[in-house]
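> Below is the file upload_14.txt, with compact mmCIF, C-alpha atoms.
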# COMPACT_ATOMS: atom_id res chain seq x y z
CA MET A 930 -49.68 -6.93 -24.83
CA SER A 931 -50.84 -4.85 -27.80
CA ARG A 932 -53.71 -6.07 -29.88
CA PHE A 933 -52.01 -5.39 -33.21
CA PRO A 934 -49.02 -7.68 -33.96
CA ILE A 935 -46.87 -4.89 -35.38
CA GLY A 936 -43.60 -6.88 -35.18
CA HIS A 937 -45.08 -9.75 -37.18
CA VAL A 938 -46.54 -7.43 -39.82
CA LEU A 939 -43.15 -5.71 -40.25
CA GLY A 940 -41.39 -9.09 -40.45
CA PHE A 941 -43.88 -10.25 -43.09
CA LEU A 942 -43.43 -7.07 -45.19
CA PHE A 943 -39.64 -7.40 -44.98
CA SER A 944 -39.76 -11.06 -46.02
CA LEU A 945 -41.99 -10.21 -49.02
CA LEU A 946 -39.57 -7.42 -49.99
CA LEU A 947 -36.55 -9.75 -49.74
CA THR A 948 -38.29 -12.50 -51.74
CA PHE A 949 -39.32 -10.18 -54.58
CA ALA A 950 -35.88 -8.53 -54.57
CA ALA A 951 -34.20 -11.95 -54.94
CA ALA A 952 -36.63 -13.02 -57.69
CA GLY A 953 -36.21 -9.70 -59.53
CA ILE A 954 -32.41 -9.82 -59.40
CA ALA A 955 -32.29 -13.47 -60.50
CA LEU A 956 -34.91 -13.31 -63.26
CA LYS A 957 -34.82 -9.73 -64.58
CA THR A 958 -31.18 -8.59 -64.47
CA SER A 959 -28.26 -9.71 -66.65
CA LEU A 960 -25.58 -9.71 -63.94
CA SER A 961 -23.07 -12.56 -63.96
CA PHE A 962 -24.08 -15.91 -62.43
CA LYS A 963 -21.60 -15.51 -59.59
CA THR A 964 -22.76 -11.99 -58.68
CA ILE A 965 -26.42 -13.03 -58.71
CA MET A 966 -25.73 -16.08 -56.51
CA TRP A 967 -23.86 -14.00 -53.92
CA ILE A 968 -26.64 -11.40 -53.78
CA ILE A 969 -29.61 -13.80 -53.58
CA GLY A 970 -27.69 -16.09 -51.20
CA GLY A 971 -27.12 -13.09 -48.94
CA LEU A 972 -30.79 -12.12 -49.14
CA ALA A 973 -31.79 -15.70 -48.15
CA VAL A 974 -29.52 -15.55 -45.08
CA VAL A 975 -30.98 -12.16 -44.07
CA GLN A 976 -34.49 -13.57 -44.42
CA ALA A 977 -33.63 -16.65 -42.34
CA GLY A 978 -32.30 -14.32 -39.61
CA LEU A 979 -35.51 -12.30 -39.83
CA GLN A 980 -37.66 -15.42 -39.32
CA LEU A 981 -35.50 -16.53 -36.39
CA THR A 982 -35.64 -13.23 -34.51
CA MET A 983 -39.07 -11.82 -35.43
CA PHE A 984 -41.20 -14.98 -35.76
CA MET A 985 -39.35 -17.66 -33.79
CA HIS A 986 -38.52 -15.41 -30.81
CA VAL A 987 -35.05 -16.93 -30.52
CA ASN A 988 -34.00 -14.04 -28.25
CA GLU A 989 -36.60 -14.93 -25.59
CA GLY A 990 -36.39 -17.20 -22.58
CA GLU A 991 -33.66 -17.98 -20.09
CA ASP A 992 -32.10 -20.46 -22.55
CA ARG A 993 -31.59 -17.88 -25.31
CA HIS A 994 -27.80 -18.18 -25.24
CA SER A 995 -28.00 -21.97 -25.57
CA GLN A 996 -30.58 -21.56 -28.33
CA TRP A 997 -28.28 -19.26 -30.30
CA ILE A 998 -25.18 -21.43 -29.77
CA ASN A 999 -27.14 -24.51 -30.88
CA ILE A 1000 -28.53 -22.84 -34.04
CA LEU A 1001 -25.18 -21.27 -34.96
CA TYR A 1002 -23.48 -24.65 -34.52
CA GLY A 1003 -26.12 -26.19 -36.82
CA VAL A 1004 -25.43 -23.48 -39.40
CA PHE A 1005 -21.66 -24.02 -39.00
CA LEU A 1006 -22.09 -27.75 -39.74
CA ALA A 1007 -24.42 -26.94 -42.66
CA VAL A 1008 -21.86 -24.63 -44.26
CA ILE A 1009 -19.08 -27.22 -43.90
CA ILE A 1010 -21.28 -30.03 -45.29
CA VAL A 1011 -22.54 -28.04 -48.29
CA ALA A 1012 -19.41 -26.07 -49.20
CA GLY A 1013 -17.13 -29.04 -48.39
CA SER A 1014 -19.14 -31.48 -50.52
CA ILE A 1015 -19.23 -29.15 -53.51
CA TRP A 1016 -15.55 -28.29 -53.14
CA VAL A 1017 -14.40 -31.91 -52.88
CA MET A 1018 -16.73 -33.27 -55.58
CA SER A 1019 -16.73 -30.47 -58.16
CA PHE A 1020 -13.34 -28.74 -58.22
CA GLY A 1021 -9.76 -29.79 -58.83
CA GLY A 1022 -10.51 -33.08 -60.58
CA THR A 1023 -8.42 -33.84 -63.66
CA HIS A 1024 -10.84 -36.35 -65.19
CA SER A 1025 -13.89 -35.32 -67.16
CA HIS A 1026 -17.35 -36.55 -66.26
CA MET B 1479 -41.07 -22.44 -20.66
CA ASN B 1480 -38.23 -24.80 -21.44
CA ILE B 1481 -38.01 -25.54 -25.15
CA LEU B 1482 -34.25 -25.92 -25.52
CA GLY B 1483 -34.75 -29.57 -26.52
CA PHE B 1484 -36.79 -28.52 -29.51
CA TRP B 1485 -34.12 -26.04 -30.60
CA ILE B 1486 -31.60 -28.90 -30.49
CA PHE B 1487 -33.93 -30.93 -32.72
CA LEU B 1488 -34.08 -27.97 -35.14
CA GLY B 1489 -30.26 -27.91 -35.17
CA ALA B 1490 -30.33 -31.57 -36.26
CA GLU B 1491 -32.90 -30.69 -38.92
CA ILE B 1492 -30.57 -27.98 -40.26
CA VAL B 1493 -27.88 -30.64 -40.67
CA LEU B 1494 -30.32 -33.08 -42.33
CA PHE B 1495 -31.30 -30.49 -44.94
CA ALA B 1496 -27.65 -29.44 -45.32
CA THR B 1497 -26.73 -32.98 -46.44
CA LEU B 1498 -29.55 -32.89 -49.03
CA PHE B 1499 -28.50 -29.41 -50.23
CA GLY B 1500 -24.92 -30.69 -50.45
CA VAL B 1501 -25.97 -33.64 -52.62
CA TYR B 1502 -28.04 -31.34 -54.81
CA GLY B 1503 -25.20 -28.80 -55.09
CA VAL B 1504 -22.88 -31.55 -56.33
CA LEU B 1505 -25.32 -33.17 -58.77
CA TYR B 1506 -27.32 -30.23 -60.07
CA GLU B 1507 -25.73 -30.19 -63.51
CA ARG B 1508 -25.71 -33.99 -64.04
CA TYR B 1509 -28.59 -34.04 -66.52
CA ALA B 1510 -27.66 -37.41 -68.13
CA GLY B 1511 -29.24 -36.21 -71.38
CA GLY B 1512 -32.54 -35.57 -69.58
CA PRO B 1513 -34.35 -32.27 -69.02
CA THR B 1514 -32.49 -29.30 -67.49
CA HIS B 1515 -33.79 -26.75 -64.97
CA GLN B 1516 -35.01 -24.37 -67.65
CA ASP B 1517 -36.86 -27.20 -69.41
CA ILE B 1518 -39.04 -28.07 -66.42
CA ILE B 1519 -39.19 -25.31 -63.76
CA MET B 1520 -42.56 -23.55 -63.61
CA ILE B 1521 -41.42 -20.32 -61.96
CA ARG B 1522 -44.90 -18.74 -61.79
CA GLU B 1523 -46.28 -21.68 -59.80
CA VAL B 1524 -43.16 -21.68 -57.61
CA MET B 1525 -43.68 -17.96 -56.82
CA ILE B 1526 -47.27 -18.73 -55.75
CA GLN B 1527 -46.04 -21.61 -53.53
CA THR B 1528 -43.49 -19.26 -51.99
CA MET B 1529 -46.17 -16.65 -51.25
CA LEU B 1530 -48.44 -19.30 -49.69
CA LEU B 1531 -45.70 -20.55 -47.36
CA LEU B 1532 -44.41 -17.05 -46.48
CA THR B 1533 -47.96 -15.93 -45.65
CA SER B 1534 -48.58 -19.08 -43.60
CA SER B 1535 -45.43 -18.36 -41.58
CA PHE B 1536 -46.83 -14.86 -40.87
CA THR B 1537 -50.30 -16.12 -39.90
CA CYS B 1538 -48.64 -18.72 -37.63
CA GLY B 1539 -46.76 -15.87 -35.93
CA VAL B 1540 -50.03 -13.99 -35.47
CA ALA B 1541 -51.55 -17.16 -33.95
CA ILE B 1542 -48.80 -17.22 -31.30
CA HIS B 1543 -49.34 -13.49 -30.72
CA GLU B 1544 -53.05 -14.19 -30.09
CA MET B 1545 -52.13 -17.05 -27.74
CA ARG B 1546 -49.92 -14.72 -25.71
CA ARG B 1547 -52.83 -12.30 -25.44
CA GLY B 1548 -54.80 -15.19 -23.93
CA SER B 1549 -57.25 -15.40 -26.83
CA LEU B 1550 -58.02 -19.05 -27.58
CA LYS B 1551 -60.46 -18.08 -30.33
CA GLY B 1552 -57.89 -15.87 -32.07
CA LEU B 1553 -55.26 -18.57 -31.75
CA LEU B 1554 -57.50 -21.25 -33.28
CA THR B 1555 -58.67 -18.95 -36.10
CA TRP B 1556 -55.14 -18.05 -37.19
CA LEU B 1557 -53.91 -21.64 -36.78
CA VAL B 1558 -56.64 -22.89 -39.12
CA ILE B 1559 -55.77 -20.17 -41.67
CA THR B 1560 -52.13 -21.27 -41.40
CA LEU B 1561 -53.07 -24.88 -42.07
CA LEU B 1562 -55.24 -23.95 -45.07
CA LEU B 1563 -52.32 -22.01 -46.59
CA GLY B 1564 -50.03 -24.99 -45.87
CA ALA B 1565 -52.49 -27.36 -47.55
CA GLY B 1566 -52.63 -25.01 -50.56
CA PHE B 1567 -48.84 -25.13 -50.76
CA LEU B 1568 -48.85 -28.95 -50.62
CA TYR B 1569 -51.56 -29.18 -53.28
CA MET B 1570 -49.50 -27.00 -55.63
CA GLU B 1571 -46.29 -28.91 -54.94
CA ILE B 1572 -47.94 -32.29 -55.64
CA ASN B 1573 -49.36 -30.85 -58.88
CA GLU B 1574 -45.90 -29.58 -59.78
CA PHE B 1575 -44.35 -33.03 -59.20
CA MET B 1576 -47.07 -34.74 -61.26
CA HIS B 1577 -46.45 -32.25 -64.06
CA TYR B 1578 -42.70 -33.02 -64.03
CA VAL B 1579 -43.30 -36.77 -64.10
CA HIS B 1580 -45.79 -36.30 -66.94
CA GLU B 1581 -43.08 -34.43 -68.87
CA GLY B 1582 -40.75 -37.41 -68.40
CA ALA B 1583 -38.72 -35.84 -65.58
CA THR B 1584 -38.83 -38.58 -62.92
CA MET B 1585 -36.58 -39.49 -60.01
CA GLN B 1586 -34.92 -42.12 -62.20
CA THR B 1587 -34.17 -39.81 -65.15
CA SER B 1588 -30.90 -38.25 -63.96
CA ALA B 1589 -28.77 -37.57 -60.90
CA PHE B 1590 -29.98 -33.96 -61.03
CA LEU B 1591 -33.62 -35.04 -60.81
CA SER B 1592 -32.93 -37.68 -58.12
CA SER B 1593 -31.35 -35.08 -55.83
CA PHE B 1594 -34.02 -32.54 -56.78
CA PHE B 1595 -36.93 -34.82 -55.85
CA VAL B 1596 -35.26 -36.05 -52.64
CA LEU B 1597 -34.58 -32.49 -51.41
CA LEU B 1598 -38.02 -31.13 -52.39
CA GLY B 1599 -39.82 -34.30 -51.28
CA THR B 1600 -38.20 -34.27 -47.83
CA HIS B 1601 -39.38 -30.70 -47.35
CA GLY B 1602 -42.87 -31.60 -48.62
CA LEU B 1603 -43.04 -34.55 -46.19
CA HIS B 1604 -42.09 -32.21 -43.34
CA VAL B 1605 -44.94 -29.87 -44.32
CA THR B 1606 -47.35 -32.85 -44.44
CA PHE B 1607 -46.21 -34.00 -41.02
CA GLY B 1608 -46.48 -30.42 -39.70
CA ILE B 1609 -50.11 -30.20 -40.83
CA LEU B 1610 -51.02 -33.51 -39.12
CA TRP B 1611 -49.16 -32.45 -35.96
CA ALA B 1612 -50.91 -29.06 -35.87
CA ILE B 1613 -54.32 -30.74 -36.26
CA MET B 1614 -53.55 -32.86 -33.18
CA VAL B 1615 -52.50 -29.75 -31.23
CA ILE B 1616 -55.74 -28.03 -32.28
CA ILE B 1617 -57.75 -31.02 -30.98
CA GLN B 1618 -55.95 -30.76 -27.62
CA LEU B 1619 -56.61 -27.00 -27.50
CA LEU B 1620 -60.30 -27.63 -28.11
CA GLN B 1621 -60.44 -30.31 -25.39
CA ARG B 1622 -58.26 -28.72 -22.70
CA GLY B 1623 -58.18 -25.01 -23.53
CA LEU B 1624 -55.08 -22.88 -22.99
CA THR B 1625 -52.96 -24.43 -20.24
CA PRO B 1626 -49.17 -24.13 -19.74
CA VAL B 1627 -48.83 -27.56 -21.39
CA THR B 1628 -50.98 -26.89 -24.47
CA ALA B 1629 -49.45 -23.40 -24.81
CA ARG B 1630 -45.97 -24.92 -24.94
CA LYS B 1631 -47.07 -27.52 -27.50
CA THR B 1632 -48.58 -24.74 -29.63
CA PHE B 1633 -45.44 -22.62 -29.45
CA ILE B 1634 -43.33 -25.62 -30.52
CA ILE B 1635 -45.45 -26.49 -33.58
CA GLY B 1636 -45.18 -22.78 -34.44
CA LEU B 1637 -41.38 -22.98 -34.30
CA TYR B 1638 -41.46 -26.06 -36.53
CA TRP B 1639 -43.69 -24.27 -39.06
CA HIS B 1640 -41.43 -21.20 -39.23
CA PHE B 1641 -38.44 -23.51 -39.65
CA LEU B 1642 -40.06 -25.14 -42.70
CA ASP B 1643 -40.47 -21.68 -44.20
CA VAL B 1644 -36.76 -20.97 -43.61
CA VAL B 1645 -35.86 -24.22 -45.41
CA TRP B 1646 -38.14 -23.22 -48.29
CA ILE B 1647 -36.39 -19.83 -48.62
CA PHE B 1648 -33.16 -21.72 -49.31
CA ILE B 1649 -34.87 -24.14 -51.72
CA PHE B 1650 -36.44 -21.17 -53.54
CA THR B 1651 -33.04 -19.44 -53.78
CA PHE B 1652 -30.63 -22.32 -54.42
CA VAL B 1653 -32.86 -24.66 -56.44
CA TYR B 1654 -35.40 -22.56 -58.33
CA LEU B 1655 -33.79 -19.13 -58.76
CA LYS B 1656 -30.33 -20.65 -59.28
CA GLY B 1657 -31.83 -23.05 -61.84
CA MET B 1658 -33.40 -20.16 -63.74
CA VAL B 1659 -30.12 -18.19 -63.78
CA SER B 1660 -27.64 -20.89 -64.79
What would you get if you wrote out this structure as structure tokens?

Amino acid sequence: MSRFPIGHVLGFLFSLLLTFAAAGIALKTSLSFKTIMWIIGGLAVVQAGLQLTMFMHVNEGEDRHSQWINILYGVFLAVIIVAGSIWVMSFGGTHSH
Amino acid sequence: MNILGFWIFLGAEIVLFATLFGVYGVLYERYAGGPTHQDIIMIREVMIQTMLLLTSSFTCGVAIHEMRRGSLKGLLTWLVITLLLGAGFLYMEINEFMHYVHEGATMQTSAFLSSFFVLLGTHGLHVTFGILWAIMVIIQLLQRGLTPVTARKTFIIGLYWHFLDVVWIFIFTFVYLKGMVS
């Protein structure tokens, strides 16, 4: 195994780049709220994937398929819980708060 | 090395944080006449916290790389650096919370702040627990050296630490950056 952890250094540089890109787009541009949220939300998902593959070695081991299925099922539940809660609680109501 | 059980635990953790993000997403504009995001968020301090945690995730990865090279000394060195960065993050977060409370933004002020403190506090507690856990793993490494058992324990605390960084990325994006935009 090589002495220099090149994969980790690349992952770190990418994550710094993604973080500063998200901060720059959110704080320094005058795009609409919706556009900004889609872009920085996408950048967060990319960065989570980066951590999973480059730092957490999710692709290693004989259980890697089970590991992926388990994490993707967790993400599936997370999306339903978050999007479902906001949808049910925030939209379509006729009363004012 | 069978660590599937720990991945299942992480799946449960994803769902735990999803419920807290869901609550926050519903309540984030319920200010109840209290302070709003722009009134309280200290974005410079939050950027420093983000850098500390991102860097600690990297140094933790390097620690595992050193472990796989069979270097106990390298592993311990990078683990300690990771923990120092984590402690720096915690110190800044506690300061941030004390600053908010001092400004009159407490958990009882509004639904926004209740959900804010519960989400951020749960993450902060996880970081605290991670630091204590890693200290215990370091003690075992010092006593027993690198064995298949201690190597697996070290890899698992590493996974946990990276996971906390992933959660923070979403807090940074959907709490702090979103709060500064809206």
> Could you list, as a PDB file with C-alpha atoms, in the coordinates of the input, every residue of chain A that has an atom within 8 Å of an atom of chain B, counting only C-alpha atoms?

ATOM      1  CA  MET A 930     -49.680  -6.930 -24.830  1.00  0.00           C
ATOM      2  CA  ARG A 932     -53.710  -6.070 -29.880  1.00  0.00           C
ATOM      3  CA  PRO A 934     -49.020  -7.680 -33.960  1.00  0.00           C
ATOM      4  CA  HIS A 937     -45.080  -9.750 -37.180  1.00  0.00           C
ATOM      5  CA  VAL A 938     -46.540  -7.430 -39.820  1.00  0.00           C
ATOM      6  CA  GLY A 940     -41.390  -9.090 -40.450  1.00  0.00           C
ATOM      7  CA  PHE A 941     -43.880 -10.250 -43.090  1.00  0.00           C
ATOM      8  CA  SER A 944     -39.760 -11.060 -46.020  1.00  0.00           C
ATOM      9  CA  LEU A 945     -41.990 -10.210 -49.020  1.00  0.00           C
ATOM     10  CA  ALA A 951     -34.200 -11.950 -54.940  1.00  0.00           C
ATOM     11  CA  ALA A 952     -36.630 -13.020 -57.690  1.00  0.00           C
ATOM     12  CA  ALA A 955     -32.290 -13.470 -60.500  1.00  0.00           C
ATOM     13  CA  LEU A 956     -34.910 -13.310 -63.260  1.00  0.00           C
ATOM     14  CA  PHE A 962     -24.080 -15.910 -62.430  1.00  0.00           C
ATOM     15  CA  MET A 966     -25.730 -16.080 -56.510  1.00  0.00           C
ATOM     16  CA  ILE A 969     -29.610 -13.800 -53.580  1.00  0.00           C
ATOM     17  CA  GLY A 970     -27.690 -16.090 -51.200  1.00  0.00           C
ATOM     18  CA  ALA A 973     -31.790 -15.700 -48.150  1.00  0.00           C
ATOM     19  CA  GLN A 976     -34.490 -13.570 -44.420  1.00  0.00           C
ATOM     20  CA  ALA A 977     -33.630 -16.650 -42.340  1.00  0.00           C
ATOM     21  CA  GLN A 980     -37.660 -15.420 -39.320  1.00  0.00           C
ATOM     22  CA  PHE A 984     -41.200 -14.980 -35.760  1.00  0.00           C
ATOM     23  CA  MET A 985     -39.350 -17.660 -33.790  1.00  0.00           C
ATOM     24  CA  GLY A 990     -36.390 -17.200 -22.580  1.00  0.00           C
ATOM     25  CA  ASP A 992     -32.100 -20.460 -22.550  1.00  0.00           C
ATOM     26  CA  SER A 995     -28.000 -21.970 -25.570  1.00  0.00           C
ATOM     27  CA  GLN A 996     -30.580 -21.560 -28.330  1.00  0.00           C
ATOM     28  CA  ASN A 999     -27.140 -24.510 -30.880  1.00  0.00           C
ATOM     29  CA  ILE A1000     -28.530 -22.840 -34.040  1.00  0.00           C
ATOM     30  CA  TYR A1002     -23.480 -24.650 -34.520  1.00  0.00           C
ATOM     31  CA  GLY A1003     -26.120 -26.190 -36.820  1.00  0.00           C
ATOM     32  CA  VAL A1004     -25.430 -23.480 -39.400  1.00  0.00           C
ATOM     33  CA  LEU A1006     -22.090 -27.750 -39.740  1.00  0.00           C
ATOM     34  CA  ALA A1007     -24.420 -26.940 -42.660  1.00  0.00           C
ATOM     35  CA  VAL A1008     -21.860 -24.630 -44.260  1.00  0.00           C
ATOM     36  CA  ILE A1010     -21.280 -30.030 -45.290  1.00  0.00           C
ATOM     37  CA  VAL A1011     -22.540 -28.040 -48.290  1.00  0.00           C
ATOM     38  CA  ALA A1012     -19.410 -26.070 -49.200  1.00  0.00           C
ATOM     39  CA  SER A1014     -19.140 -31.480 -50.520  1.00  0.00           C
ATOM     40  CA  ILE A1015     -19.230 -29.150 -53.510  1.00  0.00           C
ATOM     41  CA  MET A1018     -16.730 -33.270 -55.580  1.00  0.00           C
ATOM     42  CA  SER A1019     -16.730 -30.470 -58.160  1.00  0.00           C
TER      43      SER A1019
END
> Suppose you want the space between atom CA of B:Pro1626 and atom CA of B:Ile1613; what is it in Å?
18.5 Å
> Do you know which residues are at most 9 Å from B:Gly1608 counting all atoms listed in the file, after dropping those on the same chain fewer than 3 positions away, and could you put them as a PyMOL selection string?
chain B and resi 1561+1564+1603-1605+1611-1613+1635+1638-1639+1642
> Using only C-alpha atoms, determine which residues lie at most 12 Å from B:Thr1628, disregarding the query and same-chain residues fewer than 2 positions distant; provide the list as a list in words.
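Once the nearby chain positions are removed, what remains is Met1479, Met1545, Leu1550, Leu1553, Ala1612, Met1614, Val1615, Ile1616, Ile1617, Gln1618, Leu1619, Leu1620, Gln1621, Arg1622, Gly1623, Leu1624, Thr1625, Pro1626, Arg1630, Lys1631, Thr1632, Phe1633, Ile1634 and Ile1635 of chain B.
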> Figure out the distance between atom CA of A:Leu947 and atom CA of A:Gly971, please, to one decimal in Å.
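These atoms are spaced 10.0 Å apart.
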> Could you state the separation of atom CA of B:Thr1555 and atom CA of B:Ser1534 in Å, given to one decimal place?
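These two atoms are separated by 12.6 Å.
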> Would you output stretch 931-1003 of chain A from that structure, restricted to C-alpha atoms, as an mmCIF file, in the first residue's frame?

data_model
loop_
_atom_site.group_PDB
_atom_site.id
_atom_site.type_symbol
_atom_site.label_atom_id
_atom_site.label_comp_id
_atom_site.auth_asym_id
_atom_site.auth_seq_id
_atom_site.Cartn_x
_atom_site.Cartn_y
_atom_site.Cartn_z
ATOM 1 C CA SER A 931 1.348 3.413 -0.984
ATOM 2 C CA ARG A 932 2.687 5.698 1.680
ATOM 3 C CA PHE A 933 0.863 8.781 0.418
ATOM 4 C CA PRO A 934 -2.949 8.659 0.849
ATOM 5 C CA ILE A 935 -3.684 10.161 -2.559
ATOM 6 C CA GLY A 936 -7.372 9.122 -2.589
ATOM 7 C CA HIS A 937 -8.001 10.817 0.748
ATOM 8 C CA VAL A 938 -6.205 14.010 -0.304
ATOM 9 C CA LEU A 939 -8.280 14.172 -3.510
ATOM 10 C CA GLY A 940 -11.491 13.534 -1.543
ATOM 11 C CA PHE A 941 -10.561 16.302 0.902
ATOM 12 C CA LEU A 942 -9.819 18.805 -1.902
ATOM 13 C CA PHE A 943 -13.121 17.946 -3.617
ATOM 14 C CA SER A 944 -15.070 18.365 -0.380
ATOM 15 C CA LEU A 945 -13.443 21.777 0.246
ATOM 16 C CA LEU A 946 -14.290 22.807 -3.330
ATOM 17 C CA LEU A 947 -17.929 21.699 -2.935
ATOM 18 C CA THR A 948 -18.283 23.460 0.434
ATOM 19 C CA PHE A 949 -16.896 26.775 -0.840
ATOM 20 C CA ALA A 950 -18.955 26.498 -4.042
ATOM 21 C CA ALA A 951 -22.145 26.022 -1.978
ATOM 22 C CA ALA A 952 -21.253 28.905 0.370
ATOM 23 C CA GLY A 953 -20.363 31.183 -2.567
ATOM 24 C CA ILE A 954 -23.577 30.429 -4.456
ATOM 25 C CA ALA A 955 -25.733 30.879 -1.346
ATOM 26 C CA LEU A 956 -24.068 34.003 0.054
ATOM 27 C CA LYS A 957 -22.654 35.870 -2.960
ATOM 28 C CA THR A 958 -25.120 35.380 -5.835
ATOM 29 C CA SER A 959 -28.605 36.854 -6.282
ATOM 30 C CA LEU A 960 -30.248 33.788 -7.842
ATOM 31 C CA SER A 961 -33.777 32.936 -6.723
ATOM 32 C CA PHE A 962 -34.264 31.050 -3.434
ATOM 33 C CA LYS A 963 -35.519 27.958 -5.243
ATOM 34 C CA THR A 964 -32.580 27.843 -7.692
ATOM 35 C CA ILE A 965 -30.046 28.274 -4.892
ATOM 36 C CA MET A 966 -31.651 25.525 -2.786
ATOM 37 C CA TRP A 967 -31.612 23.048 -5.693
ATOM 38 C CA ILE A 968 -27.952 23.791 -6.466
ATOM 39 C CA ILE A 969 -26.613 23.668 -2.881
ATOM 40 C CA GLY A 970 -28.839 20.663 -2.081
ATOM 41 C CA GLY A 971 -27.326 18.867 -5.069
ATOM 42 C CA LEU A 972 -23.806 19.812 -3.960
ATOM 43 C CA ALA A 973 -24.535 18.411 -0.461
ATOM 44 C CA VAL A 974 -25.683 15.080 -1.953
ATOM 45 C CA VAL A 975 -22.548 14.895 -4.139
ATOM 46 C CA GLN A 976 -20.386 15.560 -1.093
ATOM 47 C CA ALA A 977 -22.182 12.888 0.954
ATOM 48 C CA GLY A 978 -21.531 10.407 -1.885
ATOM 49 C CA LEU A 979 -17.883 11.465 -1.915
ATOM 50 C CA GLN A 980 -17.514 10.784 1.831
ATOM 51 C CA LEU A 981 -19.236 7.409 1.468
ATOM 52 C CA THR A 982 -17.055 6.153 -1.380
ATOM 53 C CA MET A 983 -13.682 7.819 -0.732
ATOM 54 C CA PHE A 984 -13.542 7.960 3.090
ATOM 55 C CA MET A 985 -15.994 5.304 4.288
ATOM 56 C CA HIS A 986 -14.914 2.641 1.758
ATOM 57 C CA VAL A 987 -18.512 1.555 1.218
ATOM 58 C CA ASN A 988 -17.447 -0.341 -1.920
ATOM 59 C CA GLU A 989 -15.126 -2.661 0.024
ATOM 60 C CA GLY A 990 -15.768 -5.999 1.668
ATOM 61 C CA GLU A 991 -17.892 -8.984 0.752
ATOM 62 C CA ASP A 992 -20.979 -7.253 2.202
ATOM 63 C CA ARG A 993 -20.730 -4.219 -0.085
ATOM 64 C CA HIS A 994 -24.044 -4.939 -1.818
ATOM 65 C CA SER A 995 -25.836 -5.215 1.526
ATOM 66 C CA GLN A 996 -24.078 -2.047 2.698
ATOM 67 C CA TRP A 997 -25.301 -0.116 -0.339
ATOM 68 C CA ILE A 998 -28.858 -1.478 -0.142
ATOM 69 C CA ASN A 999 -29.000 -0.606 3.561
ATOM 70 C CA ILE A 1000 -27.701 2.966 3.064
ATOM 71 C CA LEU A 1001 -29.925 3.594 0.032
ATOM 72 C CA TYR A 1002 -32.945 2.333 1.996
ATOM 73 C CA GLY A 1003 -32.001 4.736 4.825
#
